[in-house]
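S.K.: Quick one: structure below, then a few questions.
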Amino acid sequence: MARKYSQRPSAARPASSRAPAPRPEVEEHLIGAHISTSGGVHKVFERCAAIGCAAAQIFVKNNMQWMAPPFSSAELRSFEEHRVRSDLRVLFGHSGYLINIAATGPNRVRSIESLTLELGRAEQLGLPFLVLHPGAHLGLGEAEGLALAARALDEVFAAHPRGSCRIALETTAGQGSCLGHELEHLVAIREKVSQPERVCYCVDTAHIFAAGYDLSSEESTRKVFTQIQLTLGLDLLVAIHMNDSKTPLGSRVDRHEHIGKGKIGLAAFAWIMREPCLAGIAKVLETPKGRDMAEDVVNLATLRELAEGDRVFSVKQG
Ligand SMILES: [Zn+2]
Ligand SMILES: [Zn+2]
């Protein structure tokens, strides 16, 4: 049964929430960022602690290479030692950018091999899910592409028959022949795989906005998330990528921007942060940053302020 989103979640907040909230010792909101694993996968925990992440996403190997060896026992031991001392509440993976599960020919073989290997590495780390783009049909058409994607996932799951790490299909901006710019594409793939219980979903705000889902006001955002709830289901929505967009609504071009600095603006992020139905869903930034992650600190502070604040965004700001 569909849960009803509150019309104005901000209206119920007490007046005292006008005062800027002190930064909590342990992050209250399930927010964070995509975090580098440079120097070893265990490094993610200290980086998350440094910028105050409660949730984080990582690549499970170099995202621009096809293959990598499994994690060594020393790497896994170090990862576990750091994990048990960490306050991080949700850590999940994002698959590499070369993988196209809707491809044919040699690229299909390499994509399935690479994703199989990545799922194995995600399993080694005990990650709950691995985010994956649904692929590009490269001219074959959407129906054929969706069928190819589902069959590729069947092969990957068959290689890990007892795996517990799920694949989270991500919405896309729909550049070129990329699948996933309609919520229904993700559902179609899940319905075609032989083990649908191993597939869940991730929504990227910049991608859906570029794909034509209007996030320019609180009201339009509530409508889009009602559509998401009715199509994907909130129980299967495991992560939200919190990115503003350099490109306009319906542009079909994927360019991430800092929160509130792009064409989406603050209203959508305020609505998402204040909506109680989404409180348990991991929300991570994939916005540009330098090595010191200073930009993440600013964006996370913006999200926190939007969550705590009671400013009403009836029209797009800026
Ligand atoms: Zn992605
Ligand atoms: Zn994303």
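The chains in the structure tokens are called A, B, ... from first to last as shown; in each chain the residues are counted from 1, and the ligands are counted from 1 in the order shown.
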For ligand 1, return the neighbouring residues as a ChimeraX atom specification (distance at most 12 Å; only C-alpha atoms and all ligand atoms).

M.R.: /A:34,57-59,63,93-99,130-135,168-173,180,201-208,239-243,254-256,284-287

S.K.: Apply DSSP to the backbone of this structure and, from segment 102-174 of chain A, keep only the residues in strand (DSSP E or B); write these as a list in words.

M.R.: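 Answer for segment 102-174 of chain A restricted to strand (DSSP E or B) is Phe129, Leu130, Val131, Leu132, Ala136, Arg166, Ile167, Ala168, Leu169 and Glu170 of chain A.
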
S.K.: Could you list, as a ChimeraX atom specification, every residue within 12 Å of Val90 of chain A, counting only C-alpha atoms and ignoring same-chain residues fewer than 6 positions away?

M.R.: /A:27,29-34,44-45,48,53-58,83,126-129,238-239,280-284

S.K.: At what distance in Å, to one decimal, does atom CA of Asp154 of chain A lie from atom CA of Gln195 of chain A?

M.R.: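 Value for the atom CA of Gln195 of chain A-atom CA of Asp154 of chain A distance: 7.4 Å.
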
S.K.: Any idea what's packed within 10 Å of Asp214 of chain A, counting only C-alpha atoms, ignoring anything in its chain fewer than 2 positions away? Could you give it as number ranges by chain?

M.R.: A: 205, 208-212, 216-224, 248-250, 264, 268

S.K.: Identify all residues of segment 109-313 of chain A in alpha helix (DSSP H) (DSSP on the backbone) and supply them as number ranges by chain.

M.R.: A: 109-125, 142-159, 183-192, 205-211, 218-231, 266-274, 294-308

S.K.: Using only C-alpha atoms and all ligand atoms for the distances, tell me which of A:Ser245, A:His82, A:Val156, A:Arg190 is nearest to ligand 2.

M.R.: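 Checking each candidate against ligand 2, we get A:Ser245 as the closest.
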
S.K.: Restricting the calculation to only C-alpha atoms, which member of A:Arg151, A:Arg162, A:His258, A:Arg110 is positioned closest to Val297 of chain A?

M.R.: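 Checking each candidate against Val297 of chain A, we get A:His258 as the closest.
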
S.K.: Just the number, please: distance in Å from atom CA of Glu155 of chain A to atom CA of Leu117 of chain A, one decimal.

M.R.: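 Going from atom CA of Glu155 of chain A over to atom CA of Leu117 of chain A, I get 12.0 Å.
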
S.K.: For each of A:Ile189, A:Leu183, A:Leu115, A:Leu215, take the minimum atom-to-atom distance to Leu237 of chain A, counting only C-alpha atoms, then give the residue where this is smallest.

M.R.: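 Ranking A:Ile189, A:Leu183, A:Leu115, A:Leu215 by distance to Leu237 of chain A, first place goes to A:Leu183.
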
S.K.: Considering only C-alpha atoms and all ligand atoms, can you say which of A:Leu179, A:Lys261, A:Asp244, A:Glu75 comes closest to ligand 2?

M.R.: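 Of A:Leu179, A:Lys261, A:Asp244, A:Glu75, the one nearest ligand 2, counting only C-alpha atoms and all ligand atoms, is A:Asp244.
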
S.K.: If you measure from atom CA of Gly139 of chain A to atom CA of Lys192 of chain A, what distance in Å do you get, rounded to one decimal?

M.R.: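 So the two atoms, atom CA of Gly139 of chain A and atom CA of Lys192 of chain A, lie 20.6 Å apart.
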
S.K.: Rank A:Val199, A:Leu119, A:Ile259, A:Leu234 by their smallest atom-to-atom distance to Pro276 of chain A, using only C-alpha atoms, and report the top residue only.

M.R.: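 Among the listed residues, A:Leu234 lies closest to Pro276 of chain A.
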
S.K.: Show which residues sit within 9 Å of Thr226 of chain A, as a ChimeraX atom specification. Count only C-alpha atoms, and ignore same-chain residues fewer than 3 positions away.

M.R.: /A:2-5,221-223,229-231

S.K.: What lies within 7 Å of Thr116 of chain A using only C-alpha atoms, ignoring chain neighbours under 4 positions off, as a count of residues only?

M.R.: 4
